[in-house]
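K.L.:
The structure under discussion is supplied below as structure tokens; questions concerning it will follow.
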Amino acid sequence: MPRRLALLLGPFALAALPGCFYLHTRSTLDTDLDKTTLGSKVGESHHQGILWAVAWGDAGTKAAAENGGIKVINHADQEMLMVFFGAYYRYTTIVYGD
């Protein structure tokens with residue numbers, strides 16, 4: 001009986017762990033947040049992967065700045081989206097500047 005109970009409750013226990021099936025976070029890459037000025041332009045760059053085997057993209061700050069036409073970076077954020085233990089993920093770098 002305890003083994004059956006463990007088999008029945010196992011998937012629910014895994015689903016209760018944070019970020020197992022879906023994770024979407026956004027955080028800053030800056031250290032001096034009290035002096036942050038964003039600027040007038042925004043640029044983004046992405047890196048993505050599927051099924052732990054195929055990945056593509058460039059999520060660097062240089063690529064994000066070029067995509068937004070930014071010459072001077074004032075602030076940077078990072079965003080992470082992950083689905084089903086990383087079977088699909090997207091990492092995004094967001095830069096703000098002029």
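Each chain in the structure tokens gets a letter, A, B and so on, in the order shown; residues start at 1 in every chain, and ligands are counted from 1 in the order they appear.
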Which of chain A end up as strand (DSSP E or B) when DSSP is run on this backbone - answer as a ChimeraX atom specification?
P.N.:
/A:22-28,41-50,54-57,73-83,88-97
K.L.:
Run DSSP on the backbone of this structure and report the residues of chain A it assigns to helix (DSSP H, G or I), as a PyMOL selection string.
P.N.:
chain A and resi 2-16+33-35+61-68
K.L.:
Only C-alpha atoms, please: the residues just picked out, written as a tab-separated table (two decimals), in the first residue's frame.
P.N.:
chain	number	residue	atom	x	y	z
A	2	PRO	CA	2.73	2.61	0.76
A	3	ARG	CA	4.34	1.98	-2.64
A	4	ARG	CA	1.05	2.61	-4.45
A	5	LEU	CA	0.56	5.79	-2.47
A	6	ALA	CA	4.05	6.95	-3.42
A	7	LEU	CA	3.39	6.21	-7.09
A	8	LEU	CA	0.14	8.13	-6.98
A	9	LEU	CA	1.52	11.13	-5.12
A	10	GLY	CA	4.90	11.25	-6.89
A	11	PRO	CA	3.78	13.28	-9.92
A	12	PHE	CA	1.97	15.74	-7.67
A	13	ALA	CA	5.09	16.17	-5.54
A	14	LEU	CA	7.15	16.93	-8.66
A	15	ALA	CA	4.57	19.44	-9.88
A	16	ALA	CA	4.75	21.22	-6.54
A	33	LEU	CA	20.09	50.39	-9.04
A	34	ASP	CA	19.80	53.65	-7.09
A	35	LYS	CA	21.44	55.54	-9.99
A	61	THR	CA	24.64	42.44	-24.51
A	62	LYS	CA	26.41	43.49	-27.71
A	63	ALA	CA	23.76	41.79	-29.86
A	64	ALA	CA	20.96	43.37	-27.79
A	65	ALA	CA	22.54	46.82	-28.13
A	66	GLU	CA	22.93	46.40	-31.89
A	67	ASN	CA	19.30	45.25	-32.23
A	68	GLY	CA	18.12	48.38	-30.42
K.L.:
Fewer than 6 positions away in the same chain doesn't count, so skip those; otherwise give me all residues within 8 Å of Gly57 in chain A, counting only C-alpha atoms, as a list of chain:residue names.
P.N.:
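Contacts, in chain order: A:Ser45, A:His46, A:His47, A:Gln48.
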K.L.:
Can those selected residues be exported to a file as a PDB file, in the first residue's frame so that it contains N, CA, C and O atoms?
P.N.:
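Generated file (again-v3.pdb):
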ATOM      1  N   SER A  45      18.026  40.613 -27.189  1.00  0.00           N
ATOM      2  CA  SER A  45      18.629  39.495 -27.915  1.00  0.00           C
ATOM      3  C   SER A  45      18.224  38.204 -27.212  1.00  0.00           C
ATOM      4  O   SER A  45      18.000  38.192 -26.007  1.00  0.00           O
ATOM      5  N   HIS A  46      18.106  37.115 -27.985  1.00  0.00           N
ATOM      6  CA  HIS A  46      17.563  35.861 -27.457  1.00  0.00           C
ATOM      7  C   HIS A  46      18.487  34.682 -27.739  1.00  0.00           C
ATOM      8  O   HIS A  46      19.180  34.657 -28.757  1.00  0.00           O
ATOM      9  N   HIS A  47      18.436  33.723 -26.848  1.00  0.00           N
ATOM     10  CA  HIS A  47      19.068  32.417 -27.033  1.00  0.00           C
ATOM     11  C   HIS A  47      18.012  31.386 -26.661  1.00  0.00           C
ATOM     12  O   HIS A  47      17.399  31.484 -25.605  1.00  0.00           O
ATOM     13  N   GLN A  48      17.774  30.388 -27.540  1.00  0.00           N
ATOM     14  CA  GLN A  48      16.709  29.411 -27.322  1.00  0.00           C
ATOM     15  C   GLN A  48      17.225  27.996 -27.519  1.00  0.00           C
ATOM     16  O   GLN A  48      18.209  27.789 -28.227  1.00  0.00           O
TER      17      GLN A  48
END
K.L.:
Which residues are near Arg26 in chain A? Cut-off 10 Å, only C-alpha atoms, ignore same chain within fewer than 5 positions. Put them as a ChimeraX atom specification.
P.N.:
/A:77-81,91-94
K.L.:
Could you work out how far CA of Asp30 in chain A lies from CA of Asp58 in chain A, giving the answer in Å with one decimal?
P.N.:
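For CA of Asp58 in chain A relative to CA of Asp30 in chain A, the distance reads 19.7 Å.
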K.L.:
Each residue of range 69-90 of chain A with at least one atom at most 10 Å from range 36-39 of chain A should appear once, together with its nearest atom pair and the corresponding distance in Å (one decimal); atoms considered: only C-alpha atoms; ordering: chain, then increasing residue number; output as CSV.
P.N.:
residue,atom,partner,partner_atom,distance
A:Ile70,CA,A:Gly39,CA,9.4
A:Val72,CA,A:Gly39,CA,9.0
A:Ile73,CA,A:Gly39,CA,8.3
A:Asn74,CA,A:Leu38,CA,5.8
A:His75,CA,A:Leu38,CA,5.9
A:Ala76,CA,A:Leu38,CA,8.8
K.L.:
What is the distance between CA of Ala59 in chain A and CA of Asp98 in chain A, in Å to one decimal?
P.N.:
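About the pair CA of Ala59 in chain A and CA of Asp98 in chain A: they are 19.3 Å apart.
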